[in-house]
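**Q** My structure is below; once you've seen it, I'll send some questions.
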Amino acid sequence: MSHISLDGQWTLTSPQHSHIHTTCTLPGDVHSALISAELLPQPYYGSNETLIQWVGESEWLLTREFTIEADQLTATAIDLDLSFVDTMAVVCINGTQVLTCSNMFRLYQIDVLPYLQLGTNHISIALARNDIEAQQRAEKLPFPVPWAVGNNQIPHMNTLRKTQCHAGWDWGLCLLSTGVYHSLTLTPVYSTRLHHVRTQQTWLPNGNCEVTLTIDCDILVEQTTQTVEINFDEQVHTIAIDNVKKGIQTVTTTIIVTDPQRWWPAGYGDQPLYPLTVTLNNQTITKKLGLRQLTLDTQVDAIGSAMTFVVNGNAITAKGANWIPLDALPSRQTPERYRQLLEDAVAANMNMIRVWGGGMYEHDIFYELCDELGLLVWQDLMFACALYPSTPEFLADVELEIVDQVKRLADHPSLALWCGDNEVIGAIGWYDESKHNREKYVVNYDRLNRMLQQVVEQYDPSRRFWASSPCNGELDFGDAWHDDNRGDMHFWDVWHSGKSFDAYHSVKPRFCSEFGYQSWPSLPTVKTFADSEDWNVTSPTFEQHQKNGRGNSIITEMFTRYFRFPIGFANMLYLSQVQQALAIKTASEFWRAHKQHCRGILYWQLNDCWPVSSWSSIEYTGRWKQLHHHAKRFFAPVMATFIQQPQQPLCLHVVNDHHHTMPISGTVIKVDWQGNVLETWALETQLAPDSSTILWQSDEQLTTTETKQVFYHVRLTCADGSVTENDYYPCLFKHAQLQNPAITTEWYQDNGTIWLELDCDYPALFVEPQLECQLECQLECQGRFSDSSFTLLPSAITGTKHRIQYIGDCDFETIKQQLTVYHLRGTY
């Protein structure tokens, strides 16, 4: 089937700006086109955010010409396919309006054959102002519906079906993008349109998998016979459709897969994918299916009720992070960047990503990569941190959106859960209108949420619908932030309420789907948006890149609780990332140690959509923050952690996520800050499958003086060769008698691989090798070390120097000159 691509160069103009007449590449966005034409400054640099707001306050017109050949006009229909249209748009062909778009999340398809002519044709897309449309819709509502005040900088975005964070968030700039972000095509259709293919899996007692295909086709011309061809699992099946009548026809067939290779989440097994091709009348739909069983166990238990994903009959500990849109500029959301971020998630031992409800249903490439990499997807529907209308018009529009998205995504093996929204139940208690009339707004919420559930369950009965995140369960509109006996929890008491890190030990959620702690970006990333005179956390530029009103104050106040105050801007940035890593590490290790209680840990957040101070573990430039290196360790399949509970002995918990026994051996040592080993305990055991075990404990009571002089270190080696290490510090870092270590470094190459060896005379904490070349080189944003933010012990203790690999493309001689090694004692 020959498609007519409308991708490429379009002409961009604006009724309000007669001087603008430039090109815009579609798929793409208007801001990026203006940047390319040098009509707009780089939005992410300095305080330029304030200089770009006029773009969102304007109307835009995209136009181009295309050619139709004579044979194409013989088609029964020519379908125009549009998706990711942002947001209010009118499409005209040869001067006639053919389509009105009003929902960024719809998949639009319309027959435009009646409007086409032989030879040259003209198409236009008129993009209206989203801010005005939002205001007008709000004025028509029967009662006020509170919008995301404090996050959105533009009012009433909750009335539009558009990415909510485009209007700003507490980590995102206000960049009200507009454009078309997916390929635009015209497709000639002859007699029959292959509309949709859906699959369902039934697992048989003999271990085989029965795959049922439901194929929808649209018969445009009555015919005698049509033949559907199916290629799957090295089998070819043909189905004849006899006495074909006009309208939608549905064909169902079943294929048995013998000895199926099961799809597993990352860390639990492989991710085999079976290609599926369905062909009808020269039209083809292709998919890759992963064969697996997946359920969400929420049964009542001795604690309350479970919140456990079960894959192929095995309970899974979900480990991962929350995902926000890849870039505030949609043109920069490239397949290469999707792959890099998702591969980095797997490299940190993650197996689940939560697509947050204030962003967007992601592009196909996102879900395809999650299938390939073994990342389960918790999929929010696109509602977040505000209340939403329940008018018939709004519900009807949303229903079409949900049908489109569920049908598009339901066959991905990575998709684990449909969740109705992010924090919308909780938002009922945030705003004056709803707080004082709760019953009315609960009913308003339930009208929308119930419709979402009904549509999801109709089109994807194989998966669980979860009303909201956080949520305690079916029809429970109560406080899910503080109930650790059931449902999923968002725990923000450490960041927003100013509690210390040990507050994470006060709760044991069944599943924590959001918790986080901010840090500032690293110096190499700061260089990409701030001149050197603005390298100060209270400079106008730096504050422009901090969207949480209290963020800088919270970070610096917490410094004073745990650390001696750092000297210099670079050390402040570094220490903020140490602090962030400690916060999330404290929570994650404690909850993993209680794995029979807590079966899910998704921290906020994985990524940034621009260079900013935020809760992310990967900076906008792709640099791993220290948190991401720690996540690689605290999410490892076998993990050891020291936990000191009040009035309890110091205990070493060892967690095994494997569903098989794991032999391990190693030592716990007690070390002083001069590098002397004071005591050693040998450890050896076999960890039970899917277990958490207290492997060692110390009943010694350290004096106040001793707590400042010593720490504990564990190193365990597993039978599969993996190693887990961790530390316990008996006192606050600001009280510890840290010695200033002399750290030596040595570079060498081995078969093209670049290695760095480090050694020291005294123990060094949170050692971070960082490449800090000049801005024009950008070397620091193109690679990483295999390990960072680690405890460096003298080789006199370990017997070997600490060796790490540089991962990335670079010149060996150049890289050797750019190294800076940060460590905790070096900050003051």
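Each chain in the structure tokens gets a letter, A, B and so on, in the order shown; residues start at 1 in every chain, and ligands are counted from 1 in the order they appear.
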Can you tell me which residues surround range 106-123 of chain A at a distance of at most 9 Å, considering only C-alpha atoms, apart from same-chain residues fewer than 2 positions away, and format the answer as an MDAnalysis selection string?

**A** chainID A and resid 62:70 72:73 75:85 91:96 98:99 101:104 125 186 188 397:398 400:405

**Q** Given only C-alpha atoms, how would the per-residue table for range 649-723 of chain A near range 749-762 of chain A read, listing every residue at most 12 Å away with its closest atom pair and distance in Å to one decimal, sorted by chain and number, as a tab-separated table?

**A**
```
residue	atom	partner	partner_atom	distance
A:Val671	CA	A:Tyr762	CA	10.4
A:Asp672	CA	A:Tyr762	CA	9.2
A:Trp673	CA	A:Tyr762	CA	6.5
A:Gln674	CA	A:Tyr762	CA	5.5
A:Gly675	CA	A:Tyr762	CA	5.2
A:Asn676	CA	A:Tyr762	CA	9.0
A:Val677	CA	A:Tyr762	CA	11.6
```

**Q** Kindly export the residues of the current selection with N, CA and C atoms, as a PDB file, in the first residue's frame.

**A**
```pdb
ATOM      1  N   VAL A 671      35.659  -0.162  60.510  1.00  0.00           N
ATOM      2  CA  VAL A 671      36.831   0.589  60.059  1.00  0.00           C
ATOM      3  C   VAL A 671      36.842   1.947  60.750  1.00  0.00           C
ATOM      4  N   ASP A 672      38.033   2.456  61.059  1.00  0.00           N
ATOM      5  CA  ASP A 672      38.096   3.836  61.539  1.00  0.00           C
ATOM      6  C   ASP A 672      38.486   4.755  60.385  1.00  0.00           C
ATOM      7  N   TRP A 673      38.387   6.061  60.640  1.00  0.00           N
ATOM      8  CA  TRP A 673      38.599   7.018  59.543  1.00  0.00           C
ATOM      9  C   TRP A 673      40.061   7.149  59.143  1.00  0.00           C
ATOM     10  N   GLN A 674      40.968   6.526  59.915  1.00  0.00           N
ATOM     11  CA  GLN A 674      42.377   6.470  59.502  1.00  0.00           C
ATOM     12  C   GLN A 674      42.644   5.270  58.593  1.00  0.00           C
ATOM     13  N   GLY A 675      41.607   4.452  58.353  1.00  0.00           N
ATOM     14  CA  GLY A 675      41.777   3.312  57.456  1.00  0.00           C
ATOM     15  C   GLY A 675      42.208   2.040  58.145  1.00  0.00           C
ATOM     16  N   ASN A 676      42.056   1.961  59.458  1.00  0.00           N
ATOM     17  CA  ASN A 676      42.391   0.745  60.198  1.00  0.00           C
ATOM     18  C   ASN A 676      41.155  -0.139  60.339  1.00  0.00           C
ATOM     19  N   VAL A 677      41.314  -1.435  60.033  1.00  0.00           N
ATOM     20  CA  VAL A 677      40.232  -2.397  60.208  1.00  0.00           C
ATOM     21  C   VAL A 677      40.265  -2.868  61.657  1.00  0.00           C
TER      22      VAL A 677
END
```

**Q** DSSP on the backbone: which residues in range 450-562 of chain A end up as helix (DSSP H, G or I)? Give the answer as a PyMOL selection string.

**A** chain A and resi 450-459+501-506+523-526+532-534+540-544+551-562

**Q** Go through A:Val424, A:Leu395, A:Leu373, A:Ala416 one by one, measure the shortest atom-to-atom distance of each to Val455 in chain A using only C-alpha atoms, and give the residue with the smallest value.

**A**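 Between A:Val424, A:Leu395, A:Leu373, A:Ala416, the residue approaching Val455 in chain A most closely is A:Leu395.
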
**Q** Could you please determine the separation between CA of Gln580 in chain A and CA of Pro611 in chain A in Å, to one decimal place?

**A**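 Between CA of Gln580 in chain A and CA of Pro611 in chain A the gap is 17.0 Å.
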
**Q** Using 8 Å as the limit and counting only C-alpha atoms, can you tabulate each residue of range 473-539 of chain A that touches range 562-575 of chain A, with its shortest atom-to-atom distance in Å and the two atoms involved, as JSON lines?

**A**
```
{"residue": "A:Ser519", "atom": "CA", "partner": "A:Leu573", "partner_atom": "CA", "distance": 7.6}
{"residue": "A:Trp520", "atom": "CA", "partner": "A:Leu573", "partner_atom": "CA", "distance": 5.6}
{"residue": "A:Pro521", "atom": "CA", "partner": "A:Leu573", "partner_atom": "CA", "distance": 6.5}
{"residue": "A:Ser522", "atom": "CA", "partner": "A:Leu573", "partner_atom": "CA", "distance": 5.8}
{"residue": "A:Leu523", "atom": "CA", "partner": "A:Ala570", "partner_atom": "CA", "distance": 6.2}
{"residue": "A:Trp535", "atom": "CA", "partner": "A:Phe569", "partner_atom": "CA", "distance": 6.6}
{"residue": "A:Asn536", "atom": "CA", "partner": "A:Phe569", "partner_atom": "CA", "distance": 6.2}
{"residue": "A:Val537", "atom": "CA", "partner": "A:Phe569", "partner_atom": "CA", "distance": 7.6}
```

**Q** Running DSSP on the backbone, which parts of range 584-658 of chain A land in strand (DSSP E), as a PyMOL selection string?

**A** chain A and resi 600-603+638-644+650-656

**Q** Grab the residues selected above and save them as a PDB file, in the first residue's frame with C-alpha atoms.

**A**
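Okay, out-v1.pdb is ready:
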```pdb
ATOM      1  CA  GLY A 600       6.805  -1.582  44.551  1.00  0.00           C
ATOM      2  CA  ILE A 601       9.244   1.349  44.679  1.00  0.00           C
ATOM      3  CA  LEU A 602       8.995   4.023  41.980  1.00  0.00           C
ATOM      4  CA  TYR A 603      10.831   7.202  42.898  1.00  0.00           C
ATOM      5  CA  VAL A 638      20.783  -8.982  45.519  1.00  0.00           C
ATOM      6  CA  MET A 639      21.159  -6.024  47.872  1.00  0.00           C
ATOM      7  CA  ALA A 640      22.599  -5.673  51.376  1.00  0.00           C
ATOM      8  CA  THR A 641      21.718  -2.836  53.734  1.00  0.00           C
ATOM      9  CA  PHE A 642      22.424  -1.953  57.355  1.00  0.00           C
ATOM     10  CA  ILE A 643      19.358  -0.814  59.301  1.00  0.00           C
ATOM     11  CA  GLN A 644      19.480   0.626  62.807  1.00  0.00           C
ATOM     12  CA  LEU A 650      22.378  -2.808  64.051  1.00  0.00           C
ATOM     13  CA  CYS A 651      21.188  -5.387  61.513  1.00  0.00           C
ATOM     14  CA  LEU A 652      22.399  -6.336  58.060  1.00  0.00           C
ATOM     15  CA  HIS A 653      19.455  -7.227  55.808  1.00  0.00           C
ATOM     16  CA  VAL A 654      20.207  -9.077  52.573  1.00  0.00           C
ATOM     17  CA  VAL A 655      17.517  -9.125  49.885  1.00  0.00           C
ATOM     18  CA  ASN A 656      17.295 -11.681  47.076  1.00  0.00           C
TER      19      ASN A 656
END
```
